[in-house]
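Visitor: Take a look at start.cif, mmCIF, C-alpha atoms:
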data_entry
#
loop_
_atom_site.label_atom_id
_atom_site.label_comp_id
_atom_site.auth_asym_id
_atom_site.auth_seq_id
_atom_site.Cartn_x
_atom_site.Cartn_y
_atom_site.Cartn_z
CA MET Q 1 115.96 117.88 139.53
CA MET Q 2 115.17 121.23 141.11
CA TYR Q 3 116.16 119.98 144.53
CA ALA Q 4 119.34 118.34 143.24
CA ALA Q 5 120.45 121.68 141.79
CA ALA Q 6 119.63 123.46 145.03
CA ALA Q 7 121.48 120.85 147.09
CA ALA Q 8 124.54 121.14 144.84
CA GLY Q 9 124.55 124.93 145.14
CA THR Q 10 124.19 124.75 148.91
CA ALA Q 11 127.06 122.27 149.12
CA VAL Q 12 129.31 124.64 147.14
CA CYS Q 13 128.37 127.46 149.55
CA MET Q 14 129.22 125.21 152.48
CA LEU Q 15 132.66 124.51 151.04
CA LEU Q 16 133.38 128.23 150.59
CA VAL Q 17 132.21 129.04 154.13
CA LEU Q 18 134.23 126.12 155.51
CA ALA Q 19 137.32 127.51 153.78
CA ARG Q 20 136.76 130.79 155.63
CA SER Q 21 136.35 129.00 158.93
CA ILE Q 22 139.70 127.25 158.40
CA ALA Q 23 141.55 130.28 157.07
CA GLY Q 24 139.92 132.89 159.33
CA PRO Q 25 142.57 135.12 160.91
CA ASN Q 26 140.95 135.20 164.36
CA ILE Q 27 138.30 133.45 166.45
CA PHE Q 28 135.48 135.84 165.43
CA ASN Q 29 135.84 135.01 161.74
CA ARG Q 30 135.60 131.36 162.68
CA ILE Q 31 132.48 131.82 164.82
CA LEU Q 32 130.84 133.81 162.02
CA ALA Q 33 131.73 131.16 159.43
CA VAL Q 34 130.48 128.32 161.62
CA ASN Q 35 127.21 130.19 162.22
CA SER Q 36 126.70 130.58 158.47
CA PHE Q 37 127.66 126.95 157.99
CA GLY Q 38 124.88 126.00 160.42
CA THR Q 39 122.33 128.06 158.52
CA LEU Q 40 123.42 126.37 155.28
CA ALA Q 41 123.16 122.98 156.98
CA VAL Q 42 119.55 123.79 157.96
CA MET Q 43 118.91 124.59 154.29
CA LEU Q 44 120.61 121.40 153.09
CA ILE Q 45 118.67 119.17 155.51
CA ALA Q 46 115.36 120.68 154.36
CA ILE Q 47 116.30 120.33 150.69
CA TYR Q 48 117.44 116.74 151.23
CA GLY Q 49 114.08 115.93 152.82
CA PHE Q 50 112.30 117.17 149.71
CA LEU Q 51 114.82 115.45 147.42
CA THR Q 52 114.12 112.03 148.92
CA GLY Q 53 110.39 112.71 149.36
CA ARG Q 54 110.55 112.53 153.16
CA PRO Q 55 109.52 115.94 154.55
CA GLU Q 56 109.91 114.64 158.12
CA PHE Q 57 113.48 115.88 157.79
CA LEU Q 58 112.09 119.35 158.53
CA ASP Q 59 111.86 118.40 162.20
CA LEU Q 60 115.59 117.75 162.13
CA SER Q 61 116.28 121.09 160.49
CA LEU Q 62 114.15 122.87 163.13
CA VAL Q 63 116.18 121.25 165.89
CA TYR Q 64 119.41 122.07 164.05
CA ALA Q 65 118.36 125.74 163.84
CA LEU Q 66 117.75 125.80 167.61
CA ILE Q 67 121.10 124.18 168.42
CA ASN Q 68 122.94 126.43 165.97
CA PHE Q 69 121.66 129.60 167.66
CA ILE Q 70 122.33 128.39 171.19
CA GLY Q 71 125.77 127.12 170.23
CA THR Q 72 126.78 130.43 168.65
CA ILE Q 73 125.63 132.41 171.71
CA ALA Q 74 127.40 129.98 174.05
CA VAL Q 75 130.72 130.10 172.19
CA THR Q 76 130.55 133.90 171.92
CA LYS Q 77 129.87 134.20 175.64
CA PHE Q 78 132.67 131.79 176.40
CA VAL Q 79 135.15 133.78 174.31
CA THR Q 80 134.11 137.10 175.87
CA PHE Q 81 133.79 136.16 179.51
CA VAL Q 82 136.05 133.06 179.61
CA GLY Q 83 133.35 131.14 181.48
CA MET Q 84 129.64 130.54 181.21
CA GLY Q 85 128.57 131.93 184.58
CA GLU Q 86 130.27 135.33 184.57
CA GLY Q 87 129.12 138.77 183.56
CA VAL Q 88 125.42 138.60 184.23
CA GLU Q 89 125.21 140.91 187.24
CA ARG Q 90 128.23 143.10 186.63
CA ASP Q 91 127.58 144.07 183.02
CA ASP Q 92 124.77 146.61 182.81
CA MET Q 93 124.27 145.92 179.10
CA GLY Q 94 123.37 142.28 179.59
CA ASP Q 95 125.16 139.04 179.04
CA ILE Q 96 126.74 139.55 175.66
CA MET S 1 98.59 125.68 136.85
CA ALA S 2 100.99 123.02 138.10
CA ALA S 3 103.52 124.00 135.46
CA LEU S 4 103.21 127.64 136.55
CA ILE S 5 103.94 126.72 140.18
CA ASP S 6 106.90 124.63 139.03
CA ILE S 7 108.35 127.55 137.09
CA ALA S 8 107.87 129.87 140.08
CA SER S 9 109.57 127.35 142.38
CA TRP S 10 112.48 126.97 139.99
CA ALA S 11 112.94 130.75 139.84
CA LEU S 12 112.71 131.20 143.61
CA ILE S 13 115.05 128.33 144.46
CA LEU S 14 117.62 129.37 141.86
CA GLY S 15 117.43 132.93 143.18
CA GLY S 16 117.99 131.71 146.72
CA VAL S 17 120.98 129.61 145.66
CA ALA S 18 122.38 132.60 143.75
CA PHE S 19 122.11 134.85 146.82
CA SER S 20 123.71 132.16 148.99
CA LEU S 21 126.58 131.78 146.52
CA ILE S 22 127.14 135.56 146.45
CA GLY S 23 127.06 135.61 150.25
CA ALA S 24 129.58 132.75 150.51
CA TYR S 25 131.79 134.44 147.89
CA GLY S 26 131.61 137.64 149.95
CA MET S 27 132.68 135.72 153.05
CA ILE S 28 135.87 134.76 151.19
CA LYS S 29 136.47 138.08 149.52
CA LEU S 30 135.61 140.89 151.98
CA SER S 31 138.35 142.33 154.12
CA ASP S 32 137.48 142.19 157.83
CA VAL S 33 135.08 140.41 160.17
CA TYR S 34 132.53 143.24 160.27
CA ALA S 35 132.31 143.39 156.49
CA ARG S 36 131.90 139.62 156.37
CA MET S 37 128.91 139.89 158.70
CA HIS S 38 127.03 141.65 155.88
CA ALA S 39 127.80 138.76 153.54
CA ALA S 40 126.63 136.28 156.19
CA SER S 41 123.34 138.14 156.62
CA LEU S 42 122.81 137.75 152.86
CA ILE S 43 122.68 133.97 153.44
CA ASP S 44 120.53 134.34 156.56
CA THR S 45 117.80 136.45 154.95
CA LEU S 46 117.18 136.10 151.23
CA GLY S 47 119.26 132.98 150.65
CA ILE S 48 117.29 130.78 153.01
CA GLY S 49 114.08 132.80 152.52
CA LEU S 50 113.76 132.35 148.76
CA ILE S 51 114.65 128.63 148.88
CA PHE S 52 112.06 127.98 151.61
CA ILE S 53 109.35 129.97 149.80
CA GLY S 54 110.08 127.93 146.69
CA MET S 55 109.67 124.69 148.66
CA MET S 56 106.46 126.04 150.26
CA LEU S 57 105.00 126.47 146.77
CA GLN S 58 105.79 122.81 146.04
CA ALA S 59 104.33 121.58 149.33
CA GLY S 60 101.03 123.46 149.06
CA PHE S 61 98.69 123.88 152.03
CA THR S 62 100.01 121.08 154.21
CA ILE S 63 101.72 120.67 157.56
CA VAL S 64 105.04 120.76 155.70
CA THR S 65 104.44 124.41 154.80
CA VAL S 66 103.72 125.24 158.44
CA LYS S 67 107.00 123.66 159.50
CA LEU S 68 108.88 125.53 156.77
CA VAL S 69 107.37 128.81 157.99
CA LEU S 70 108.38 127.94 161.57
CA VAL S 71 112.01 127.27 160.64
CA LEU S 72 112.17 130.41 158.49
CA VAL S 73 110.68 132.69 161.17
CA PHE S 74 113.01 131.19 163.76
CA ILE S 75 116.08 131.86 161.59
CA LEU S 76 114.90 135.42 160.88
CA PHE S 77 114.43 136.13 164.60
CA THR S 78 117.68 134.62 165.86
CA SER S 79 120.27 135.56 163.22
CA PRO S 80 120.39 139.30 164.14
CA VAL S 81 120.78 138.42 167.82
CA ALA S 82 123.71 136.10 167.08
CA THR S 83 125.32 138.71 164.79
CA HIS S 84 124.96 141.46 167.39
CA ALA S 85 126.43 139.22 170.11
CA LEU S 86 129.37 138.42 167.87
CA ALA S 87 129.98 142.12 167.08
CA ARG S 88 129.96 143.03 170.76
CA ALA S 89 132.34 140.19 171.60
CA ALA S 90 134.70 141.36 168.85
CA ILE S 91 134.68 144.95 170.16
CA ASN S 92 135.36 143.74 173.69
CA GLU S 93 138.42 141.90 172.43
CA ASP S 94 139.73 145.07 170.67
CA VAL S 95 139.02 143.79 167.16
CA LEU S 96 137.87 147.10 165.67
CA PRO S 97 136.42 147.67 162.18
CA VAL S 98 138.72 148.90 159.42
CA VAL S 99 137.35 152.36 158.57
CA ASP S 100 138.63 155.55 156.93
CA THR S 101 138.67 158.06 159.79
CA GLU S 102 139.84 157.93 163.37
CA THR S 103 136.53 159.39 164.67
CA GLU S 104 134.59 156.42 163.30
CA ARG S 105 137.10 154.10 164.92
CA GLN S 106 136.61 155.82 168.27
CA MET S 107 132.84 155.62 167.80
CA ALA S 108 133.07 151.86 167.52
CA ALA S 109 135.56 151.55 170.38
CA SER S 110 133.29 153.56 172.72
CA ASN S 111 130.95 150.57 172.88
CA LYS S 112 133.52 148.48 174.70
CA THR S 113 132.36 147.15 178.05
CA LYS S 114 134.40 148.75 180.84
CA SER S 115 136.92 146.36 182.35
CA SER S 116 135.59 147.15 185.86
CA GLU S 117 132.23 145.69 184.82
CA PHE S 118 133.79 142.31 184.15
CA GLY S 119 134.71 141.78 187.76
CA THR S 120 137.99 140.07 188.46
CA MET O 1 96.53 137.52 182.60
CA LEU O 2 95.79 138.38 179.00
CA GLN O 3 99.39 137.55 178.16
CA ALA O 4 99.12 134.17 179.89
CA ILE O 5 96.02 133.28 177.82
CA SER O 6 97.76 134.42 174.65
CA LEU O 7 100.83 132.35 175.52
CA ALA O 8 98.66 129.27 176.18
CA ALA O 9 96.92 129.73 172.81
CA ALA O 10 100.23 130.07 171.00
CA LEU O 11 101.61 126.95 172.71
CA THR O 12 98.47 124.98 171.84
CA ALA O 13 98.76 125.95 168.19
CA PHE O 14 102.46 125.03 168.27
CA TRP O 15 101.77 121.59 169.77
CA VAL O 16 98.93 120.73 167.39
CA LEU O 17 100.84 121.85 164.32
CA LEU O 18 104.05 120.05 165.19
CA SER O 19 102.57 116.79 166.45
CA GLY O 20 99.75 116.10 163.99
CA TYR O 21 98.37 113.22 166.08
CA TRP O 22 94.81 113.18 167.46
CA ILE O 23 95.10 110.24 169.94
CA PRO O 24 93.58 111.09 173.37
CA LEU O 25 96.75 110.11 175.24
CA ILE O 26 98.93 112.44 173.16
CA LEU O 27 96.42 115.29 173.50
CA CYS O 28 96.33 114.85 177.29
CA LEU O 29 100.12 114.94 177.44
CA GLY O 30 100.09 118.09 175.32
CA ALA O 31 97.56 119.82 177.57
CA ALA O 32 99.57 118.88 180.65
CA SER O 33 102.83 120.23 179.21
CA ILE O 34 101.16 123.47 178.07
CA LEU O 35 99.73 124.05 181.55
CA ALA O 36 103.12 123.32 183.11
CA CYS O 37 104.83 125.76 180.73
CA VAL O 38 102.39 128.58 181.47
CA TYR O 39 102.62 127.93 185.22
CA ILE O 40 106.43 127.98 185.20
CA ALA O 41 106.51 131.10 183.02
CA ARG O 42 104.15 132.90 185.43
CA ARG O 43 106.24 131.85 188.42
CA MET O 44 109.40 133.13 186.69
CA GLU O 45 107.53 136.37 185.85
CA ILE O 46 108.76 136.34 182.28
CA ILE O 47 105.39 136.84 180.56
CA ASP O 48 105.23 140.62 180.68
CA HIS O 49 104.88 143.08 177.81
CA GLU O 50 108.50 142.40 176.79
CA GLY O 51 108.46 138.62 176.76
CA HIS O 52 105.12 138.33 175.03
CA PRO O 53 104.37 141.60 173.22
CA ILE O 54 100.74 141.38 172.17
CA HIS O 55 100.31 145.16 172.15
CA ILE O 56 102.32 145.52 168.94
CA SER O 57 100.68 142.74 166.96
CA PHE O 58 98.13 144.98 165.20
CA GLN O 59 100.64 147.66 164.20
CA GLY O 60 102.94 144.87 163.01
CA ILE O 61 100.64 144.21 160.06
CA THR O 62 102.01 147.30 158.34
CA TYR O 63 105.55 147.22 159.76
CA PHE O 64 106.71 143.71 158.89
CA PRO O 65 105.79 143.81 155.17
CA TRP O 66 107.68 147.12 154.94
CA LEU O 67 110.67 145.49 156.67
CA LEU O 68 110.54 142.57 154.21
CA LYS O 69 110.58 145.02 151.30
CA GLU O 70 113.60 146.81 152.78
CA ILE O 71 115.37 143.47 153.29
CA VAL O 72 114.86 142.49 149.65
CA LEU O 73 116.02 145.88 148.34
CA SER O 74 119.17 146.02 150.47
CA ASN O 75 119.93 142.36 149.69
CA ILE O 76 120.07 143.25 146.01
CA ALA O 77 122.21 146.34 146.71
CA VAL O 78 124.71 144.40 148.85
CA ALA O 79 124.89 141.52 146.33
CA LYS O 80 125.69 144.03 143.56
CA ALA O 81 128.36 145.68 145.69
CA ILE O 82 130.01 142.35 146.54
CA LEU O 83 130.11 141.32 142.88
CA LYS O 84 131.41 144.72 141.75
CA GLY O 85 133.94 145.04 144.59
CA GLY O 86 136.57 147.76 144.69
CA SER O 87 135.24 151.26 145.20
CA ALA O 88 131.62 150.14 145.67
CA ILE O 89 132.46 148.92 149.18
CA ARG O 90 133.36 151.56 151.75
CA PRO O 91 132.97 150.23 155.34
CA GLN O 92 132.00 152.95 157.81
CA VAL O 93 130.72 153.43 161.35
CA LEU O 94 127.89 155.83 162.18
CA GLN O 95 125.62 156.58 165.12
CA VAL O 96 121.85 156.95 164.81
CA PRO O 97 119.37 158.00 167.53
CA ALA O 98 116.83 155.47 168.78
CA SER O 99 113.89 157.54 170.05
CA GLN O 100 111.72 154.64 171.22
CA ARG O 101 110.24 154.91 174.69
CA ASP O 102 111.26 151.55 176.21
CA ALA O 103 113.84 148.83 175.77
CA LEU O 104 111.59 146.60 173.68
CA GLY O 105 111.24 149.22 170.94
CA GLN O 106 114.99 149.82 170.87
CA VAL O 107 115.63 146.08 170.61
CA ILE O 108 113.19 145.83 167.71
CA TYR O 109 114.91 148.79 166.03
CA ALA O 110 118.42 147.37 166.52
CA ASN O 111 117.37 143.92 165.32
CA SER O 112 115.70 145.44 162.25
CA ILE O 113 118.95 147.26 161.48
CA THR O 114 120.95 144.05 161.80
CA LEU O 115 118.45 141.99 159.81
CA THR O 116 118.79 144.38 156.87
CA PRO O 117 121.98 143.41 155.02
CA GLY O 118 124.48 146.25 154.67
CA THR O 119 123.96 147.53 158.21
CA VAL O 120 124.89 145.81 161.48
CA SER O 121 124.20 147.33 164.90
CA ILE O 122 127.33 146.91 167.02
CA GLY O 123 126.23 148.64 170.23
CA ILE O 124 123.31 150.31 172.00
CA ASP O 125 123.84 152.99 174.64
CA GLU O 126 121.42 155.58 176.08
CA GLY O 127 119.18 155.76 173.03
CA VAL O 128 122.05 155.86 170.53
CA ILE O 129 122.78 152.89 168.26
CA THR O 130 126.25 152.47 166.75
CA VAL O 131 126.00 150.96 163.28
CA HIS O 132 128.58 149.42 160.98
CA ALA O 133 127.57 149.97 157.35
CA LEU O 134 129.09 148.33 154.29
CA MET O 135 128.48 151.08 151.74
CA ASP O 136 127.39 154.72 151.48
CA GLU O 137 124.00 153.73 150.04
CA THR O 138 122.83 151.66 153.01
CA ALA O 139 124.30 154.16 155.51
CA ASP O 140 122.39 157.04 153.90
CA GLY O 141 119.18 155.02 153.95
CA LEU O 142 119.56 154.67 157.71
CA ARG O 143 120.47 158.33 158.27
CA THR O 144 117.07 159.49 156.98
CA GLY O 145 115.50 158.10 160.19
CA ASP O 146 112.62 156.46 158.33
CA MET O 147 113.01 153.10 160.07
CA ASN O 148 113.29 154.85 163.47
CA ALA O 149 109.95 156.64 162.91
CA ARG O 150 108.28 153.44 161.78
CA VAL O 151 109.41 151.47 164.85
CA CYS O 152 108.09 154.35 167.02
CA ARG O 153 104.75 154.03 165.28
CA LEU O 154 104.84 150.25 165.77
CA GLU O 155 105.16 150.81 169.51
CA GLY O 156 102.29 153.31 169.52
CA ASP O 157 104.50 156.30 170.24
CA PRO O 158 102.36 159.40 169.56
CA ASP O 159 105.25 161.64 168.47
CA PRO O 160 107.64 159.61 166.30
CA ARG O 161 109.73 162.54 165.00
CA ARG O 162 110.85 163.98 168.33
CA ILE O 163 114.38 164.22 167.05
CA ALA O 164 113.82 166.03 163.78
CA GLY O 165 115.38 164.49 160.70
CA GLY O 166 117.44 161.82 162.46
CA GLY O 167 121.11 161.84 161.41
CA GLN O 168 124.16 162.31 163.55
CA PRO O 169 123.45 163.31 167.16
#
Represent the structure of the file as structure tokens.
Guide:
Amino acid sequence: MMYAAAAAGTAVCMLLVLARSIAGPNIFNRILAVNSFGTLAVMLIAIYGFLTGRPEFLDLSLVYALINFIGTIAVTKFVTFVGMGEGVERDDMGDI
Amino acid sequence: MAALIDIASWALILGGVAFSLIGAYGMIKLSDVYARMHAASLIDTLGIGLIFIGMMLQAGFTIVTVKLVLVLVFILFTSPVATHALARAAINEDVLPVVDTETERQMAASNKTKSSEFGT
Amino acid sequence: MLQAISLAAALTAFWVLLSGYWIPLILCLGAASILACVYIARRMEIIDHEGHPIHISFQGITYFPWLLKEIVLSNIAVAKAILKGGSAIRPQVLQVPASQRDALGQVIYANSITLTPGTVSIGIDEGVITVHALMDETADGLRTGDMNARVCRLEGDPDPRRIAGGGQP
């Protein structure tokens, strides 16, 4: 019961964030919304594991958290430098 | 004792869902991308934190709790890095924050990476 | 060397906790992969005081609970402001000094600022951090320089209040 309520609330949050990612005026709003959507997906996977009594789902949510972070950094770098290999040596403040 | 833990879990999980809902509502409502970052960090800190602590109480001292702590610590360490990278990318593309005074605007714009540092 | 041993211990704990199996074959595979990881990390020279900061772990006992308290307080403040809307929200940009000695301390400071809702660090340059704040309340909390002094103490800096009072440089 507790987990069903939490899963429903998380799903509503995901819908709201998805609306922002569709409506977002520019690419940065979309990246931000997709990043939040990933965090909410990590939450939903963990809650779903508890809801069905199979906590092994936590391994999936750990992997999803890793991929979410790397994906956000990669897309941000791609938007800034228009390529994955540029900007490392020339930018004195680092990659991003 | 078990009933007490259940009540605590209920309170924590409902609190986490409430913070997530407020954060998602803020993502819709706030005006520009920098303001929306604050709403997103609401989801990334207390939203996920309270829900996971509530589930830790239900799991007790098992390997499940350890995995929950791992996921939570990982999210807490990476979300500021992703937010900072996004803010710097936005400044580099001349998307500046909407603020009251011109000085503050210049302050934000001064962080732009010089075009000579990009190379060609 | 100390950092390599600490890294190996952390990796061992990580393997044991995530696998949960005690079959000899699995344990041998785990030991082999841990040794390979530590060897590669040493060859890449990424286990220095920045990549594996064991020198701050004792001071962290007081810093991280304080940071958690700050996160909870500013979460509540930002949630109230979002629900109230209107005049409660006044986005602004400010610059605060970061008086930590090395890059690691400044990174910890900037990440602490970003992790606290209501303030996002949008740039670091020559010991000055540019911050975007959502409301006056969170901006004023940062201007006092309390978090700056605490991160200095976390790093073991003997004189945390070199720049008196913090505030605008």
Visitor: So, with only C-alpha atoms as the atoms that count, which of Q:Leu51, Q:Leu60, Q:Val17, Q:Ala74 lies closest to chain S?
Guide: Q:Val17
Visitor: Fewer than 4 positions away in the same chain doesn't count, so skip those; otherwise give me all residues within 9 Å of Gln106 (chain O), counting only C-alpha atoms, as number ranges by chain.
Guide: O: 98-102, 110-111, 124, 127, 129, 151
Visitor: If you take all atoms listed in the file and a cut-off of 7 Å, which residues of chain Q touch chain S, and what are their nearest atom pairs and distances in Å to one decimal, in chain and number order, as CSV?
Guide:
residue,atom,partner,partner_atom,distance
Q:Met2,CA,S:Trp10,CA,6.4
Q:Ala6,CA,S:Val17,CA,6.3
Q:Gly9,CA,S:Val17,CA,5.9
Q:Thr10,CA,S:Val17,CA,6.7
Q:Cys13,CA,S:Ala24,CA,5.5
Q:Leu16,CA,S:Ala24,CA,5.9
Q:Val17,CA,S:Ala24,CA,5.8
Q:Arg20,CA,S:Ile28,CA,6.0
Q:Phe28,CA,S:Ala90,CA,6.5
Q:Asn29,CA,S:Val33,CA,5.7
Q:Ser36,CA,S:Ala40,CA,6.1
Q:Thr39,CA,S:Asp44,CA,6.8
Q:Met43,CA,S:Ile48,CA,6.5
Q:Pro55,CA,S:Val64,CA,6.7
Q:Leu58,CA,S:Lys67,CA,6.7
Q:Leu62,CA,S:Val71,CA,5.5
Q:Ala65,CA,S:Ile75,CA,6.9
Q:Phe69,CA,S:Thr78,CA,6.7
Q:Thr72,CA,S:Ala82,CA,6.6
Q:Ile73,CA,S:Ala82,CA,6.2
Q:Thr76,CA,S:Leu86,CA,6.2
Q:Thr80,CA,S:Ala89,CA,5.6
Q:Gly87,CA,S:Phe118,CA,5.9
Q:Arg90,CA,S:Glu117,CA,5.1
Q:Asp91,CA,S:Glu117,CA,5.2
Q:Ile96,CA,S:Ala85,CA,5.6
Visitor: Could you list, with a cut-off of 12 Å and counting only C-alpha atoms, the residues of region 85-141 of chain O near region 52-56 of chain O, each shown with its nearest atom pair and the distance in Å rounded to one decimal, rows sorted by chain and ascending number, as a Markdown table?
Guide:
| residue | atom | partner | partner_atom | distance |
| --- | --- | --- | --- | --- |
| O:Leu104 | CA | O:Pro53 | CA | 8.8 |
| O:Gly105 | CA | O:Ile56 | CA | 9.9 |
| O:Ile108 | CA | O:Ile56 | CA | 10.9 |
Visitor: Applying the PyMOL selection byres ((chain O) within 8 of (chain S)) to the file I just gave you, which residues come out? Please list them as a PyMOL selection string.
Guide: chain O and resi 17-18+71-72+75+78-79+82-83+90-95+111-112+114-125+130+132+134
Visitor: Enter the distance from CA of Asn68 (chain Q) to CA of Asn35 (chain Q), in Å, rounded to one decimal.
Guide: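 About the pair CA of Asn68 (chain Q) and CA of Asn35 (chain Q): they are 6.8 Å apart.
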Visitor: Which value, in Å to one decimal, gives the distance between CA of Ala88 (chain O) and CA of Pro65 (chain O)?
Guide: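 Atom-to-atom, CA of Ala88 (chain O) and CA of Pro65 (chain O) are spaced 28.2 Å apart.
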Visitor: Taking 2 positions as the minimum chain separation for residues in the same chain, which residues sit within 10 Å of Tyr48 (chain Q) when counting all atoms listed in the file? Answer as a list in words.
Guide: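 Close residues of Tyr48 (chain Q): Tyr3, Ala4, Ala6, Ala7, Val42, Met43, Leu44, Ile45, Ala46, Phe50, Leu51, Thr52, Gly53, Arg54, Pro55, Phe57 and Leu58 of chain Q.
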Visitor: Any chance you can output those residues with C-alpha atoms as a CSV table (one decimal), in the frame of the given file?
Guide:
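Dumped to again_24.csv:
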chain,number,residue,atom,x,y,z
Q,3,TYR,CA,116.2,120.0,144.5
Q,4,ALA,CA,119.3,118.3,143.2
Q,6,ALA,CA,119.6,123.5,145.0
Q,7,ALA,CA,121.5,120.8,147.1
Q,42,VAL,CA,119.6,123.8,158.0
Q,43,MET,CA,118.9,124.6,154.3
Q,44,LEU,CA,120.6,121.4,153.1
Q,45,ILE,CA,118.7,119.2,155.5
Q,46,ALA,CA,115.4,120.7,154.4
Q,50,PHE,CA,112.3,117.2,149.7
Q,51,LEU,CA,114.8,115.4,147.4
Q,52,THR,CA,114.1,112.0,148.9
Q,53,GLY,CA,110.4,112.7,149.4
Q,54,ARG,CA,110.6,112.5,153.2
Q,55,PRO,CA,109.5,115.9,154.6
Q,57,PHE,CA,113.5,115.9,157.8
Q,58,LEU,CA,112.1,119.4,158.5
Visitor: Quick one: distance from CA of Arg143 (chain O) to CA of Ala77 (chain O) in Å, one decimal?
Guide: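 Taking CA of Arg143 (chain O) and CA of Ala77 (chain O), their separation equals 16.7 Å.
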Visitor: When you look at Ala8 (chain S) with a cut-off of 10 Å (counting only C-alpha atoms), what residues show up, excluding the ones that are within fewer than 4 positions of it in the same chain? I need them as a list in words.
Guide: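 So the residues in contact are Ala2, Ala3, Leu4, Leu12, Ile13, Leu14, Ile53, Gly54, Leu57 and Gln58 of chain S.
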Visitor: Mind checking which residues fall within 12 Å of region 25-35 of chain O, counting all atoms listed in the file, ignoring those fewer than 3 positions away in the same chain, and posting them as a PDB file with C-alpha atoms, in the coordinates of the input?
Guide:
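Listed below is the output, part.pdb:
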ATOM      1  CA  ALA O   4      99.120 134.170 179.890  1.00  0.00           C
ATOM      2  CA  ILE O   5      96.020 133.280 177.820  1.00  0.00           C
ATOM      3  CA  SER O   6      97.760 134.420 174.650  1.00  0.00           C
ATOM      4  CA  LEU O   7     100.830 132.350 175.520  1.00  0.00           C
ATOM      5  CA  ALA O   8      98.660 129.270 176.180  1.00  0.00           C
ATOM      6  CA  ALA O   9      96.920 129.730 172.810  1.00  0.00           C
ATOM      7  CA  ALA O  10     100.230 130.070 171.000  1.00  0.00           C
ATOM      8  CA  LEU O  11     101.610 126.950 172.710  1.00  0.00           C
ATOM      9  CA  THR O  12      98.470 124.980 171.840  1.00  0.00           C
ATOM     10  CA  ALA O  13      98.760 125.950 168.190  1.00  0.00           C
ATOM     11  CA  PHE O  14     102.460 125.030 168.270  1.00  0.00           C
ATOM     12  CA  TRP O  15     101.770 121.590 169.770  1.00  0.00           C
ATOM     13  CA  VAL O  16      98.930 120.730 167.390  1.00  0.00           C
ATOM     14  CA  LEU O  17     100.840 121.850 164.320  1.00  0.00           C
ATOM     15  CA  LEU O  18     104.050 120.050 165.190  1.00  0.00           C
ATOM     16  CA  SER O  19     102.570 116.790 166.450  1.00  0.00           C
ATOM     17  CA  GLY O  20      99.750 116.100 163.990  1.00  0.00           C
ATOM     18  CA  TYR O  21      98.370 113.220 166.080  1.00  0.00           C
ATOM     19  CA  TRP O  22      94.810 113.180 167.460  1.00  0.00           C
ATOM     20  CA  VAL O  38     102.390 128.580 181.470  1.00  0.00           C
ATOM     21  CA  TYR O  39     102.620 127.930 185.220  1.00  0.00           C
ATOM     22  CA  ILE O  40     106.430 127.980 185.200  1.00  0.00           C
ATOM     23  CA  ALA O  41     106.510 131.100 183.020  1.00  0.00           C
ATOM     24  CA  ARG O  42     104.150 132.900 185.430  1.00  0.00           C
TER      25      ARG O  42
END
Visitor: Taking into account only C-alpha atoms, which residue in the set Q:Ile27, Q:Phe78, Q:Ala41, Q:Ala33 is nearest to Val63 (chain Q)?
Guide: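 For Val63 (chain Q), the nearest of the given residues is Q:Ala41.
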